[in-house]
file entry.json (JSON, C-alpha atoms)
[["chain", "number", "residue", "atom", "x", "y", "z"],
["H", 1, "MET", "CA", 36.12, 26.27, 3.70],
["H", 2, "GLY", "CA", 33.74, 23.33, 3.91],
["H", 3, "VAL", "CA", 34.43, 19.66, 3.39],
["H", 4, "THR", "CA", 35.21, 18.86, -0.25],
["H", 5, "ILE", "CA", 34.78, 15.73, -2.34],
["H", 6, "ARG", "CA", 38.60, 15.44, -2.26],
["H", 7, "ASP", "CA", 38.46, 15.30, 1.56],
["H", 8, "VAL", "CA", 35.87, 12.51, 1.42],
["H", 9, "ALA", "CA", 37.97, 10.56, -1.09],
["H", 10, "ALA", "CA", 41.08, 10.85, 1.07],
["H", 11, "ALA", "CA", 39.28, 9.81, 4.25],
["H", 12, "ALA", "CA", 37.57, 6.88, 2.54],
["H", 13, "GLY", "CA", 40.72, 5.73, 0.75],
["H", 14, "VAL", "CA", 39.10, 5.84, -2.69],
["H", 15, "SER", "CA", 39.27, 8.01, -5.80],
["H", 16, "ILE", "CA", 37.28, 11.19, -6.33],
["H", 17, "GLY", "CA", 35.39, 9.43, -9.12],
["H", 18, "THR", "CA", 34.37, 6.63, -6.74],
["H", 19, "VAL", "CA", 33.03, 9.19, -4.26],
["H", 20, "SER", "CA", 31.07, 10.87, -7.02],
["H", 21, "ARG", "CA", 29.52, 7.60, -8.21],
["H", 22, "ALA", "CA", 28.69, 6.52, -4.65],
["H", 23, "LEU", "CA", 26.94, 9.78, -3.76],
["H", 24, "LYS", "CA", 25.11, 9.90, -7.09],
["H", 25, "ASN", "CA", 24.12, 6.23, -6.65],
["H", 26, "GLN", "CA", 25.56, 5.31, -10.03],
["H", 27, "ARG", "CA", 26.54, 1.84, -11.22],
["H", 28, "GLY", "CA", 30.00, 0.34, -11.06],
["H", 29, "LEU", "CA", 30.43, 0.04, -7.29],
["H", 30, "SER", "CA", 29.80, -2.71, -4.79],
["H", 31, "ASP", "CA", 27.21, -2.14, -2.07],
["H", 32, "GLU", "CA", 29.99, -2.23, 0.51],
["H", 33, "THR", "CA", 31.99, 0.53, -1.20],
["H", 34, "ARG", "CA", 28.89, 2.65, -1.72],
["H", 35, "LYS", "CA", 27.89, 2.38, 1.95],
["H", 36, "HIS", "CA", 31.46, 3.05, 3.13],
["H", 37, "VAL", "CA", 31.78, 6.22, 1.08],
["H", 38, "ARG", "CA", 28.39, 7.54, 2.16],
["H", 39, "GLN", "CA", 29.15, 6.83, 5.80],
["H", 40, "VAL", "CA", 32.47, 8.69, 5.58],
["H", 41, "ALA", "CA", 30.74, 11.61, 3.83],
["H", 42, "ARG", "CA", 28.16, 11.80, 6.61],
["H", 43, "GLU", "CA", 30.79, 11.66, 9.34],
["H", 44, "LEU", "CA", 32.75, 14.49, 7.70],
["H", 45, "GLY", "CA", 29.61, 16.54, 7.20],
["H", 46, "TYR", "CA", 29.85, 16.65, 3.41],
["H", 47, "ASP", "CA", 26.72, 18.02, 1.71],
["H", 48, "ALA", "CA", 25.92, 15.40, -0.93],
["H", 49, "ALA", "CA", 23.22, 17.66, -2.37],
["H", 50, "ARG", "CA", 26.01, 19.65, -4.05],
["H", 51, "LEU", "CA", 26.70, 16.70, -6.31],
["H", 52, "ARG", "CA", 23.02, 16.34, -7.17],
["H", 53, "SER", "CA", 22.37, 19.97, -8.03],
["H", 54, "GLY", "CA", 21.54, 20.54, -11.66],
["H", 55, "ARG", "CA", 20.68, 16.90, -12.29],
["H", 56, "ALA", "CA", 17.29, 15.30, -12.59],
["H", 57, "GLN", "CA", 16.47, 13.19, -9.57],
["H", 58, "ARG", "CA", 15.43, 9.60, -10.21],
["H", 59, "LEU", "CA", 12.80, 7.82, -8.14],
["H", 60, "VAL", "CA", 11.84, 4.15, -8.33],
["H", 61, "PHE", "CA", 8.24, 3.24, -7.48],
["H", 62, "LEU", "CA", 8.16, -0.36, -6.26],
["H", 63, "VAL", "CA", 5.15, -2.64, -6.10],
["H", 64, "HIS", "CA", 5.08, -6.30, -5.26],
["H", 65, "ARG", "CA", 5.20, -8.64, -8.22],
["H", 66, "HIS", "CA", 1.79, -10.01, -7.12],
["H", 67, "HIS", "CA", 0.31, -6.52, -7.54],
["H", 68, "SER", "CA", 2.11, -5.56, -10.73],
["H", 69, "SER", "CA", -0.83, -6.20, -13.05],
["H", 70, "PHE", "CA", -2.57, -2.85, -12.85],
["H", 71, "ALA", "CA", -5.55, -4.30, -14.70],
["H", 72, "LEU", "CA", -6.10, -6.65, -11.75],
["H", 73, "ASN", "CA", -5.00, -4.16, -9.09],
["H", 74, "PRO", "CA", -6.25, -0.73, -10.19],
["H", 75, "PHE", "CA", -5.54, 0.71, -6.73],
["H", 76, "PHE", "CA", -1.79, 0.79, -7.40],
["H", 77, "ALA", "CA", -2.25, 2.14, -10.92],
["H", 78, "LEU", "CA", -3.98, 5.19, -9.44],
["H", 79, "VAL", "CA", -1.33, 5.58, -6.71],
["H", 80, "MET", "CA", 1.33, 5.47, -9.44],
["H", 81, "HIS", "CA", -0.56, 8.19, -11.32],
["H", 82, "GLY", "CA", -0.27, 10.41, -8.24],
["H", 83, "VAL", "CA", 3.45, 9.66, -7.99],
["H", 84, "GLU", "CA", 3.93, 10.59, -11.65],
["H", 85, "GLU", "CA", 2.02, 13.87, -11.22],
["H", 86, "ALA", "CA", 4.12, 14.92, -8.24],
["H", 87, "CYS", "CA", 7.38, 13.87, -9.88],
["H", 88, "ARG", "CA", 6.52, 15.90, -12.98],
["H", 89, "SER", "CA", 5.93, 19.02, -10.91],
["H", 90, "TYR", "CA", 9.29, 18.60, -9.14],
["H", 91, "GLY", "CA", 11.33, 17.60, -12.18],
["H", 92, "VAL", "CA", 11.89, 14.07, -10.85],
["H", 93, "ALA", "CA", 12.07, 11.11, -13.24],
["H", 94, "PRO", "CA", 10.01, 8.15, -11.90],
["H", 95, "THR", "CA", 10.29, 4.53, -13.02],
["H", 96, "LEU", "CA", 8.30, 1.46, -12.02],
["H", 97, "LEU", "CA", 9.80, -1.75, -10.69],
["H", 98, "ALA", "CA", 7.82, -4.86, -9.73],
["H", 99, "ALA", "CA", 9.76, -6.93, -7.21],
["H", 100, "GLY", "CA", 9.42, -10.10, -5.20],
["H", 101, "PRO", "CA", 11.65, -11.89, -2.68],
["H", 102, "ALA", "CA", 13.13, -14.19, -5.34],
["H", 103, "ASP", "CA", 14.14, -11.31, -7.64],
["H", 104, "PRO", "CA", 17.68, -9.84, -7.86],
["H", 105, "VAL", "CA", 16.40, -6.51, -6.54],
["H", 106, "ARG", "CA", 19.82, -4.95, -5.93],
["H", 107, "ASP", "CA", 20.89, -5.62, -9.51],
["H", 108, "GLN", "CA", 17.58, -4.36, -10.89],
["H", 109, "LEU", "CA", 17.81, -1.13, -8.89],
["H", 110, "ARG", "CA", 21.37, -0.50, -10.08],
["H", 111, "LEU", "CA", 20.05, -0.36, -13.63],
["H", 112, "HIS", "CA", 17.69, 2.45, -12.59],
["H", 113, "GLU", "CA", 20.33, 4.34, -10.52],
["H", 114, "PRO", "CA", 17.62, 5.85, -8.25],
["H", 115, "ASP", "CA", 18.10, 8.71, -5.83],
["H", 116, "ALA", "CA", 15.11, 7.53, -3.76],
["H", 117, "LEU", "CA", 12.57, 4.74, -3.40],
["H", 118, "ILE", "CA", 8.82, 4.56, -2.81],
["H", 119, "ALA", "CA", 7.47, 1.11, -1.90],
["H", 120, "ALA", "CA", 3.69, 0.73, -2.19],
["H", 121, "GLY", "CA", 1.69, -2.03, -0.56],
["H", 122, "TYR", "CA", 2.83, -5.26, 1.00],
["H", 123, "PHE", "CA", 6.41, -6.56, 0.77],
["H", 124, "GLU", "CA", 8.00, -9.45, 2.63],
["H", 125, "ALA", "CA", 10.09, -8.47, 5.66],
["H", 126, "GLU", "CA", 13.33, -9.63, 4.04],
["H", 127, "LEU", "CA", 12.69, -7.47, 0.99],
["H", 128, "LEU", "CA", 11.95, -4.40, 3.10],
["H", 129, "THR", "CA", 15.15, -5.05, 5.06],
["H", 130, "LEU", "CA", 17.10, -5.22, 1.81],
["H", 131, "LEU", "CA", 15.58, -1.95, 0.59],
["H", 132, "GLY", "CA", 16.26, -0.25, 3.90],
["H", 133, "GLY", "CA", 19.90, -1.33, 3.73],
["H", 134, "LEU", "CA", 20.50, 0.45, 0.41],
["H", 135, "ASP", "CA", 21.06, 3.76, 2.19],
["H", 136, "LEU", "CA", 18.60, 5.62, -0.03],
["H", 137, "PRO", "CA", 15.72, 7.86, 1.04],
["H", 138, "MET", "CA", 12.62, 5.65, 1.15],
["H", 139, "ALA", "CA", 8.93, 6.17, 1.87],
["H", 140, "LEU", "CA", 6.12, 3.63, 2.19],
["H", 141, "ILE", "CA", 2.60, 3.98, 0.80],
["H", 142, "ASP", "CA", -0.20, 1.74, 2.10],
["H", 143, "SER", "CA", 2.27, 0.05, 4.41],
["H", 144, "TRP", "CA", 4.09, 0.68, 7.68],
["H", 145, "LEU", "CA", 7.49, -0.08, 9.16],
["H", 146, "PRO", "CA", 8.95, 1.34, 12.39],
["H", 147, "GLY", "CA", 11.24, 4.26, 11.65],
["H", 148, "CYS", "CA", 10.34, 4.54, 7.95],
["H", 149, "PRO", "CA", 8.30, 7.49, 6.63],
["H", 150, "SER", "CA", 4.85, 6.31, 5.52],
["H", 151, "VAL", "CA", 1.48, 7.52, 4.27],
["H", 152, "ASN", "CA", -1.67, 5.42, 4.65],
["H", 153, "PRO", "CA", -5.40, 5.79, 4.25],
["H", 154, "ASP", "CA", -7.30, 5.67, 7.52],
["H", 155, "ASN", "CA", -7.66, 1.90, 7.41],
["H", 156, "ALA", "CA", -8.89, 1.41, 10.97],
["H", 157, "GLY", "CA", -11.25, 4.39, 10.77],
["H", 158, "GLY", "CA", -12.63, 3.15, 7.48],
["H", 159, "GLY", "CA", -13.18, -0.35, 8.82],
["H", 160, "TYR", "CA", -15.06, 1.15, 11.72],
["H", 161, "LEU", "CA", -17.20, 3.42, 9.51],
["H", 162, "VAL", "CA", -18.33, 0.72, 7.11],
["H", 163, "THR", "CA", -19.06, -1.80, 9.88],
["H", 164, "ARG", "CA", -21.01, 0.87, 11.78],
["H", 165, "HIS", "CA", -23.00, 1.49, 8.59],
["H", 166, "LEU", "CA", -23.89, -2.21, 8.31],
["H", 167, "LEU", "CA", -24.93, -2.29, 11.96],
["H", 168, "ASP", "CA", -27.13, 0.75, 11.40],
["H", 169, "GLN", "CA", -28.80, -1.18, 8.54],
["H", 170, "GLY", "CA", -29.78, -3.85, 11.08],
["H", 171, "ARG", "CA", -27.12, -6.39, 10.13],
["H", 172, "ARG", "CA", -25.77, -8.48, 13.00],
["H", 173, "ARG", "CA", -23.86, -11.38, 11.45],
["H", 174, "ILE", "CA", -21.23, -9.28, 9.72],
["H", 175, "ALA", "CA", -18.32, -11.22, 8.24],
["H", 176, "TYR", "CA", -14.83, -9.87, 7.54],
["H", 177, "LEU", "CA", -13.39, -11.36, 4.36],
["H", 178, "ALA", "CA", -9.65, -10.81, 4.58],
["H", 179, "GLY", "CA", -6.53, -11.42, 2.57],
["H", 180, "SER", "CA", -3.28, -12.29, 4.31],
["H", 181, "LEU", "CA", -3.09, -10.62, 7.72],
["H", 182, "ALA", "CA", 0.60, -10.03, 7.02],
["H", 183, "HIS", "CA", -0.65, -6.93, 5.17],
["H", 184, "TYR", "CA", -0.67, -3.87, 7.44],
["H", 185, "SER", "CA", -3.77, -2.35, 5.82],
["H", 186, "ILE", "CA", -5.79, -5.57, 6.15],
["H", 187, "ARG", "CA", -4.96, -5.86, 9.86],
["H", 188, "GLU", "CA", -5.90, -2.23, 10.44],
["H", 189, "ARG", "CA", -9.23, -2.61, 8.64],
["H", 190, "GLU", "CA", -9.98, -5.64, 10.78],
["H", 191, "ARG", "CA", -9.18, -3.59, 13.88],
["H", 192, "GLY", "CA", -11.79, -1.01, 12.91],
["H", 193, "TYR", "CA", -14.32, -3.76, 12.15],
["H", 194, "ARG", "CA", -13.85, -5.33, 15.57],
["H", 195, "ARG", "CA", -14.07, -2.00, 17.37],
["H", 196, "ALA", "CA", -17.42, -1.22, 15.75],
["H", 197, "LEU", "CA", -18.82, -4.63, 16.73],
["H", 198, "TYR", "CA", -17.53, -4.22, 20.29],
["H", 199, "GLU", "CA", -19.05, -0.75, 20.70],
["H", 200, "ALA", "CA", -22.38, -2.05, 19.39],
["H", 201, "GLY", "CA", -22.35, -4.94, 21.86],
["H", 202, "VAL", "CA", -22.24, -7.51, 19.05],
["H", 203, "LEU", "CA", -20.19, -10.58, 19.92],
["H", 204, "ALA", "CA", -17.52, -11.22, 17.26],
["H", 205, "ASP", "CA", -17.98, -14.72, 15.85],
["H", 206, "PRO", "CA", -14.60, -16.20, 14.81],
["H", 207, "ASP", "CA", -16.35, -18.23, 12.10],
["H", 208, "LEU", "CA", -17.24, -14.95, 10.40],
["H", 209, "GLU", "CA", -13.61, -13.85, 10.02],
["H", 210, "VAL", "CA", -12.28, -15.68, 6.98],
["H", 211, "VAL", "CA", -8.84, -15.30, 5.41],
["H", 212, "ALA", "CA", -8.65, -16.07, 1.70],
["H", 213, "PRO", "CA", -6.56, -19.18, 0.96],
["H", 214, "PRO", "CA", -2.92, -18.31, 0.19],
["H", 215, "GLY", "CA", -1.38, -18.64, -3.24],
["H", 216, "LEU", "CA", -4.38, -17.26, -5.14],
["H", 217, "ASP", "CA", -4.91, -13.89, -6.77],
["H", 218, "THR", "CA", -7.26, -11.45, -5.03],
["H", 219, "SER", "CA", -10.40, -12.41, -6.93],
["H", 220, "SER", "CA", -9.89, -16.19, -6.74],
["H", 221, "GLY", "CA", -8.97, -16.04, -3.06],
["H", 222, "ALA", "CA", -12.02, -13.92, -2.22],
["H", 223, "GLU", "CA", -14.30, -16.23, -4.17],
["H", 224, "ALA", "CA", -12.98, -19.19, -2.18],
["H", 225, "GLY", "CA", -13.37, -17.30, 1.09],
["H", 226, "MET", "CA", -16.94, -16.30, 0.24],
["H", 227, "ARG", "CA", -17.86, -19.90, -0.53],
["H", 228, "MET", "CA", -16.55, -20.85, 2.92],
["H", 229, "LEU", "CA", -18.81, -18.23, 4.50],
["H", 230, "LEU", "CA", -21.86, -19.47, 2.60],
["H", 231, "LYS", "CA", -21.25, -23.01, 3.87],
["H", 232, "LEU", "CA", -21.66, -21.91, 7.49],
["H", 233, "ARG", "CA", -24.71, -23.25, 9.31],
["H", 234, "HIS", "CA", -25.61, -19.65, 10.11],
["H", 235, "ARG", "CA", -24.35, -17.68, 7.16],
["H", 236, "PRO", "CA", -23.59, -13.97, 7.43],
["H", 237, "ASP", "CA", -26.15, -11.30, 6.61],
["H", 238, "ALA", "CA", -23.37, -8.90, 5.56],
["H", 239, "VAL", "CA", -19.78, -9.11, 4.36],
["H", 240, "PHE", "CA", -17.05, -6.49, 4.72],
["H", 241, "ALA", "CA", -14.38, -7.43, 2.18],
["H", 242, "TYR", "CA", -10.89, -6.05, 2.66],
["H", 243, "ASN", "CA", -10.88, -4.32, -0.73],
["H", 244, "ASP", "CA", -13.19, -3.71, -3.67],
["H", 245, "THR", "CA", -11.74, -6.41, -5.89],
["H", 246, "ALA", "CA", -12.46, -8.96, -3.15],
["H", 247, "ALA", "CA", -15.93, -7.48, -2.57],
["H", 248, "LEU", "CA", -16.83, -7.74, -6.26],
["H", 249, "ALA", "CA", -15.68, -11.37, -6.27],
["H", 250, "ALA", "CA", -17.84, -12.05, -3.19],
["H", 251, "LEU", "CA", -20.78, -10.38, -4.96],
["H", 252, "ARG", "CA", -20.41, -12.74, -7.93],
["H", 253, "VAL", "CA", -20.37, -15.80, -5.65],
["H", 254, "CYS", "CA", -23.47, -14.66, -3.77],
["H", 255, "GLN", "CA", -25.42, -13.95, -6.93],
["H", 256, "ALA", "CA", -24.39, -17.31, -8.42],
["H", 257, "ALA", "CA", -25.71, -18.95, -5.24],
["H", 258, "GLY", "CA", -29.12, -17.31, -5.79],
["H", 259, "LEU", "CA", -28.78, -14.72, -3.01],
["H", 260, "ARG", "CA", -30.19, -11.24, -3.45],
["H", 261, "VAL", "CA", -27.88, -8.33, -2.68],
["H", 262, "PRO", "CA", -28.58, -6.51, -0.42],
["H", 263, "GLU", "CA", -31.89, -8.12, 0.62],
["H", 264, "ASP", "CA", -30.36, -11.47, 1.65],
["H", 265, "ILE", "CA", -26.78, -10.33, 2.19],
["H", 266, "ALA", "CA", -25.09, -6.94, 2.11],
["H", 267, "ILE", "CA", -21.59, -6.58, 0.66],
["H", 268, "VAL", "CA", -19.14, -3.71, 1.15],
["H", 269, "GLY", "CA", -15.57, -3.11, 0.08],
["H", 270, "PHE", "CA", -12.72, -0.63, 0.53],
["H", 271, "ASP", "CA", -10.82, 1.73, -1.87],
["H", 272, "ASP", "CA", -13.59, 2.84, -4.31],
["H", 273, "ILE", "CA", -11.90, 1.63, -7.47],
["H", 274, "PRO", "CA", -13.69, 2.70, -10.69],
["H", 275, "GLU", "CA", -15.38, -0.69, -11.11],
["H", 276, "ALA", "CA", -17.16, -0.37, -7.75],
["H", 277, "ALA", "CA", -19.74, 2.10, -9.04],
["H", 278, "TYR", "CA", -20.50, 0.03, -12.14],
["H", 279, "ALA", "CA", -20.93, -3.41, -10.59],
["H", 280, "PRO", "CA", -24.18, -5.33, -11.26],
["H", 281, "VAL", "CA", -25.16, -4.08, -7.81],
["H", 282, "PRO", "CA", -23.18, -0.86, -7.23],
["H", 283, "LEU", "CA", -20.78, -1.38, -4.34],
["H", 284, "THR", "CA", -20.74, 0.42, -0.99],
["H", 285, "THR", "CA", -17.14, 1.18, -0.14],
["H", 286, "LEU", "CA", -14.64, 3.55, 1.47],
["H", 287, "ARG", "CA", -13.34, 6.16, -0.94],
["H", 288, "VAL", "CA", -9.56, 6.49, -0.80],
["H", 289, "ASN", "CA", -7.83, 9.30, -2.67],
["H", 290, "LYS", "CA", -5.28, 7.06, -4.37],
["H", 291, "GLU", "CA", -3.57, 9.84, -6.33],
["H", 292, "ALA", "CA", -3.18, 11.87, -3.13],
["H", 293, "LEU", "CA", -1.41, 8.92, -1.49],
["H", 294, "GLY", "CA", 1.06, 8.88, -4.37],
["H", 295, "ARG", "CA", 1.65, 12.61, -4.21],
["H", 296, "ALA", "CA", 2.14, 12.45, -0.44],
["H", 297, "GLY", "CA", 4.75, 9.71, -0.87],
["H", 298, "VAL", "CA", 6.79, 11.94, -3.16],
["H", 299, "GLU", "CA", 6.44, 14.84, -0.70],
["H", 300, "LEU", "CA", 7.81, 12.61, 2.05],
["H", 301, "ILE", "CA", 10.86, 11.85, -0.09],
["H", 302, "LEU", "CA", 11.56, 15.46, -1.07],
["H", 303, "HIS", "CA", 10.45, 17.37, 2.04],
["H", 304, "GLY", "CA", 10.35, 14.69, 4.72],
["H", 305, "GLU", "CA", 12.32, 16.71, 7.22],
["H", 306, "ASP", "CA", 9.44, 19.21, 7.38],
["H", 307, "LEU", "CA", 6.58, 16.68, 7.47],
["H", 308, "PRO", "CA", 5.20, 14.14, 9.96],
["H", 309, "GLN", "CA", 6.90, 10.80, 9.36],
["H", 310, "GLU", "CA", 3.61, 8.87, 9.63],
["H", 311, "THR", "CA", 0.66, 10.39, 7.78],
["H", 312, "VAL", "CA", -2.91, 9.05, 7.79],
["H", 313, "GLN", "CA", -5.26, 10.38, 5.12],
["H", 314, "PRO", "CA", -9.04, 10.47, 5.62],
["H", 315, "VAL", "CA", -11.41, 8.10, 3.84],
["H", 316, "GLU", "CA", -15.06, 8.66, 2.90],
["H", 317, "LEU", "CA", -17.95, 6.21, 3.25],
["H", 318, "VAL", "CA", -19.77, 5.90, -0.09],
["H", 319, "VAL", "CA", -23.14, 4.14, 0.32],
["H", 320, "ARG", "CA", -24.50, 2.36, -2.74],
["H", 321, "ALA", "CA", -27.06, -0.33, -3.43],
["H", 322, "SER", "CA", -24.99, -3.32, -2.27],
["H", 323, "SER", "CA", -25.66, -2.50, 1.38],
["H", 324, "SER", "CA", -28.84, -0.46, 1.40],
["H", 325, "ALA", "CA", -32.05, -1.29, -0.43],
["H", 326, "THR", "CA", -33.06, 2.39, -0.09],
["H", 327, "VAL", "CA", -30.20, 3.51, -2.37],
["H", 328, "SER", "CA", -31.01, 3.29, -6.06],
["H", 329, "ALA", "CA", -28.65, 1.43, -8.35]]
call {"tool": "encode", "arguments": {"input": "entry.json", "output": "structure tokens"}}
result
Amino acid sequence: MGVTIRDVAAAAGVSIGTVSRALKNQRGLSDETRKHVRQVARELGYDAARLRSGRAQRLVFLVHRHHSSFALNPFFALVMHGVEEACRSYGVAPTLLAAGPADPVRDQLRLHEPDALIAAGYFEAELLTLLGGLDLPMALIDSWLPGCPSVNPDNAGGGYLVTRHLLDQGRRRIAYLAGSLAHYSIRERERGYRRALYEAGVLADPDLEVVAPPGLDTSSGAEAGMRMLLKLRHRPDAVFAYNDTAALAALRVCQAAGLRVPEDIAIVGFDDIPEAAYAPVPLTTLRVNKEALGRAGVELILHGEDLPQETVQPVELVVRASSSATVSA
């Protein structure tokens, strides 16, 4: 006969009800008790899935509080749509939680009683450490942490492709307009940008790599960064912005300054959000299948033991009028 819930309770020195609540991740227990019971269950070889059978699983989809306005950050809205689609097909109940380092995240998660977590995009190291310490299955989307299952678009490959495209258009002073380099995806896109310049024999000019000022939303930060680039004695002839929202902000600044896009300056982005195709000058970008990222995150949670722990999904270069005068608007 296998290990029973009564065996776990006896070994842990708690009641059967406490074991049940701990393994179902229900409220009413301290973190210490929950971790203790789960550790004892693992050591005894108890199959916690027996307690979960017949119940709907609950998954919390976390985004950073700075990204929680889906109107301003459509990328994560589309990722969430993919998460919802996958959860529906598996009978999992998803909920959304926006979190920041100053929030009582443990208390907020207890209200949701999740079986698993998906964290999308950037989070501070202390918040990721807290999430990792909850002893719940967790996957990352558009982020990376050693030892944690993750799915990402091909950020470095995309950065390389779009920079190579600009070089092929004859551009040589190509700027990289970045957000905080604490973001994994932004660093990876920069890596691809630099590799393309290096392979083309173009010397990277540090003045052309601008990080948006901290404390601003994506659009305001990119506008400020673009103004910095236009103040250079030798301004860029092309700008690779770290995402489409930043690229569209850069486009507005350039047009307000009287520059023609793409004749005077080419602008490209990353993600292919819906607004990219309908900009005043349609935006060249890297198409990311946002819904597929969300679905892959759910697959990592439910079938992670059978899947690679780090997945990179392909991106597609979409050339529009903002980088090539030969492409019609």
call {"tool": "closest_residue", "arguments": {"input": "entry.json", "among": "H:Arg252, H:His165, H:His303, H:Lys231", "to": "Leu197 in chain H", "atoms": "all atoms listed in the file"}}
result
H:His165
call {"tool": "atom_distance", "arguments": {"input": "entry.json", "atom1": "CA of Leu136 in chain H", "atom2": "CA of Ala292 in chain H"}}
result
22.9 Å
call {"tool": "residues_around", "arguments": {"input": "entry.json", "residues": "Val315 in chain H", "least_positions_apart": "3", "cutoff": "7 Å", "atoms": "only C-alpha atoms", "output": "list in words"}}
result
Pro153, Asp154, Gly158, Leu286, Arg287 and Val288 of chain H
call {"tool": "closest_residue", "arguments": {"input": "entry.json", "among": "H:Leu59, H:Ala257, H:Val312, H:Ala11", "to": "Ala86 in chain H", "atoms": "all atoms listed in the file"}}
result
H:Leu59
call {"tool": "residues_around", "arguments": {"input": "entry.json", "residues": "range 274-282 of chain H", "least_positions_apart": "3", "cutoff": "9 Å", "atoms": "only C-alpha atoms", "output": "NGL selection string"}}
result
:H and (74 or 244-245 or 247-248 or 251-252 or 261-262 or 269 or 271 or 285 or 320-322 or 328-329)
call {"tool": "residues_around", "arguments": {"input": "entry.json", "residues": "range 220-226 of chain H", "least_positions_apart": "6", "cutoff": "7 Å", "atoms": "all atoms listed in the file", "output": "ChimeraX atom specification"}}
result
/H:177,210-213,246,249-250,253
call {"tool": "residues_around", "arguments": {"input": "entry.json", "residues": "Cys87 in chain H", "least_positions_apart": "2", "cutoff": "10 Å", "atoms": "all atoms listed in the file", "output": "list in words"}}
result
Gln57, Arg58, Leu59, His81, Gly82, Val83, Glu84, Glu85, Ser89, Tyr90, Gly91, Val92, Ala93, Pro94, Gly294, Arg295, Val298, Glu299 and Leu302 of chain H
call {"tool": "atom_distance", "arguments": {"input": "entry.json", "atom1": "CA of Cys148 in chain H", "atom2": "CA of Leu23 in chain H"}}
result
21.0 Å
call {"tool": "atom_distance", "arguments": {"input": "entry.json", "atom1": "CA of Ala120 in chain H", "atom2": "CA of Leu307 in chain H"}}
result
18.9 Å
call {"tool": "closest_residue", "arguments": {"input": "entry.json", "among": "H:Leu44, H:Val202, H:Leu111, H:Val60", "to": "Met138 in chain H", "atoms": "all atoms listed in the file"}}
result
H:Val60
call {"tool": "residues_around", "arguments": {"input": "entry.json", "residues": "Glu209 in chain H", "least_positions_apart": "4", "cutoff": "8 Å", "atoms": "all atoms listed in the file", "output": "list in words"}}
result
Ala175, Tyr176, Leu177, Ala178 and Asp205 of chain H
call {"tool": "closest_residue", "arguments": {"input": "entry.json", "among": "H:Thr129, H:Ser143, H:Gln255, H:Thr95", "to": "Glu113 in chain H", "atoms": "all atoms listed in the file"}}
result
H:Thr95
call {"tool": "closest_residue", "arguments": {"input": "entry.json", "among": "H:Gly100, H:Arg187, H:Pro206, H:Ala22", "to": "Glu126 in chain H", "atoms": "only C-alpha atoms"}}
result
H:Gly100
call {"tool": "closest_residue", "arguments": {"input": "entry.json", "among": "H:Arg194, H:Arg88, H:His183, H:Arg171", "to": "Gly159 in chain H", "atoms": "all atoms listed in the file"}}
result
H:Arg194
call {"tool": "decode", "arguments": {"input": "entry.json", "residues": "range 121-129 of chain H", "atoms": "N, CA, C and O atoms", "output": "PDB file, in the first residue's frame"}}
result
ATOM      1  N   GLY H 121       7.046  38.780 -18.420  1.00  0.00           N
ATOM      2  CA  GLY H 121       7.777  40.032 -18.479  1.00  0.00           C
ATOM      3  C   GLY H 121       8.697  40.231 -17.288  1.00  0.00           C
ATOM      4  O   GLY H 121       8.982  39.309 -16.521  1.00  0.00           O
ATOM      5  N   TYR H 122       9.123  41.465 -17.140  1.00  0.00           N
ATOM      6  CA  TYR H 122      10.123  41.796 -16.121  1.00  0.00           C
ATOM      7  C   TYR H 122       9.513  41.840 -14.723  1.00  0.00           C
ATOM      8  O   TYR H 122       8.411  42.363 -14.528  1.00  0.00           O
ATOM      9  N   PHE H 123      10.249  41.280 -13.758  1.00  0.00           N
ATOM     10  CA  PHE H 123       9.964  41.443 -12.332  1.00  0.00           C
ATOM     11  C   PHE H 123      11.280  41.658 -11.603  1.00  0.00           C
ATOM     12  O   PHE H 123      12.313  41.095 -11.992  1.00  0.00           O
ATOM     13  N   GLU H 124      11.248  42.438 -10.552  1.00  0.00           N
ATOM     14  CA  GLU H 124      12.453  42.638  -9.737  1.00  0.00           C
ATOM     15  C   GLU H 124      12.921  41.307  -9.151  1.00  0.00           C
ATOM     16  O   GLU H 124      12.113  40.398  -8.912  1.00  0.00           O
ATOM     17  N   ALA H 125      14.243  41.213  -8.913  1.00  0.00           N
ATOM     18  CA  ALA H 125      14.831  39.961  -8.427  1.00  0.00           C
ATOM     19  C   ALA H 125      14.192  39.520  -7.118  1.00  0.00           C
ATOM     20  O   ALA H 125      13.941  38.318  -6.911  1.00  0.00           O
ATOM     21  N   GLU H 126      13.900  40.474  -6.221  1.00  0.00           N
ATOM     22  CA  GLU H 126      13.337  40.079  -4.929  1.00  0.00           C
ATOM     23  C   GLU H 126      11.934  39.506  -5.083  1.00  0.00           C
ATOM     24  O   GLU H 126      11.529  38.599  -4.332  1.00  0.00           O
ATOM     25  N   LEU H 127      11.192  39.995  -6.073  1.00  0.00           N
ATOM     26  CA  LEU H 127       9.850  39.472  -6.291  1.00  0.00           C
ATOM     27  C   LEU H 127       9.902  38.074  -6.899  1.00  0.00           C
ATOM     28  O   LEU H 127       9.129  37.181  -6.526  1.00  0.00           O
ATOM     29  N   LEU H 128      10.825  37.852  -7.823  1.00  0.00           N
ATOM     30  CA  LEU H 128      10.990  36.519  -8.393  1.00  0.00           C
ATOM     31  C   LEU H 128      11.440  35.523  -7.327  1.00  0.00           C
ATOM     32  O   LEU H 128      11.009  34.362  -7.312  1.00  0.00           O
ATOM     33  N   THR H 129      12.308  35.965  -6.421  1.00  0.00           N
ATOM     34  CA  THR H 129      12.747  35.093  -5.327  1.00  0.00           C
ATOM     35  C   THR H 129      11.578  34.714  -4.442  1.00  0.00           C
ATOM     36  O   THR H 129      11.423  33.559  -4.025  1.00  0.00           O
TER      37      THR H 129
END
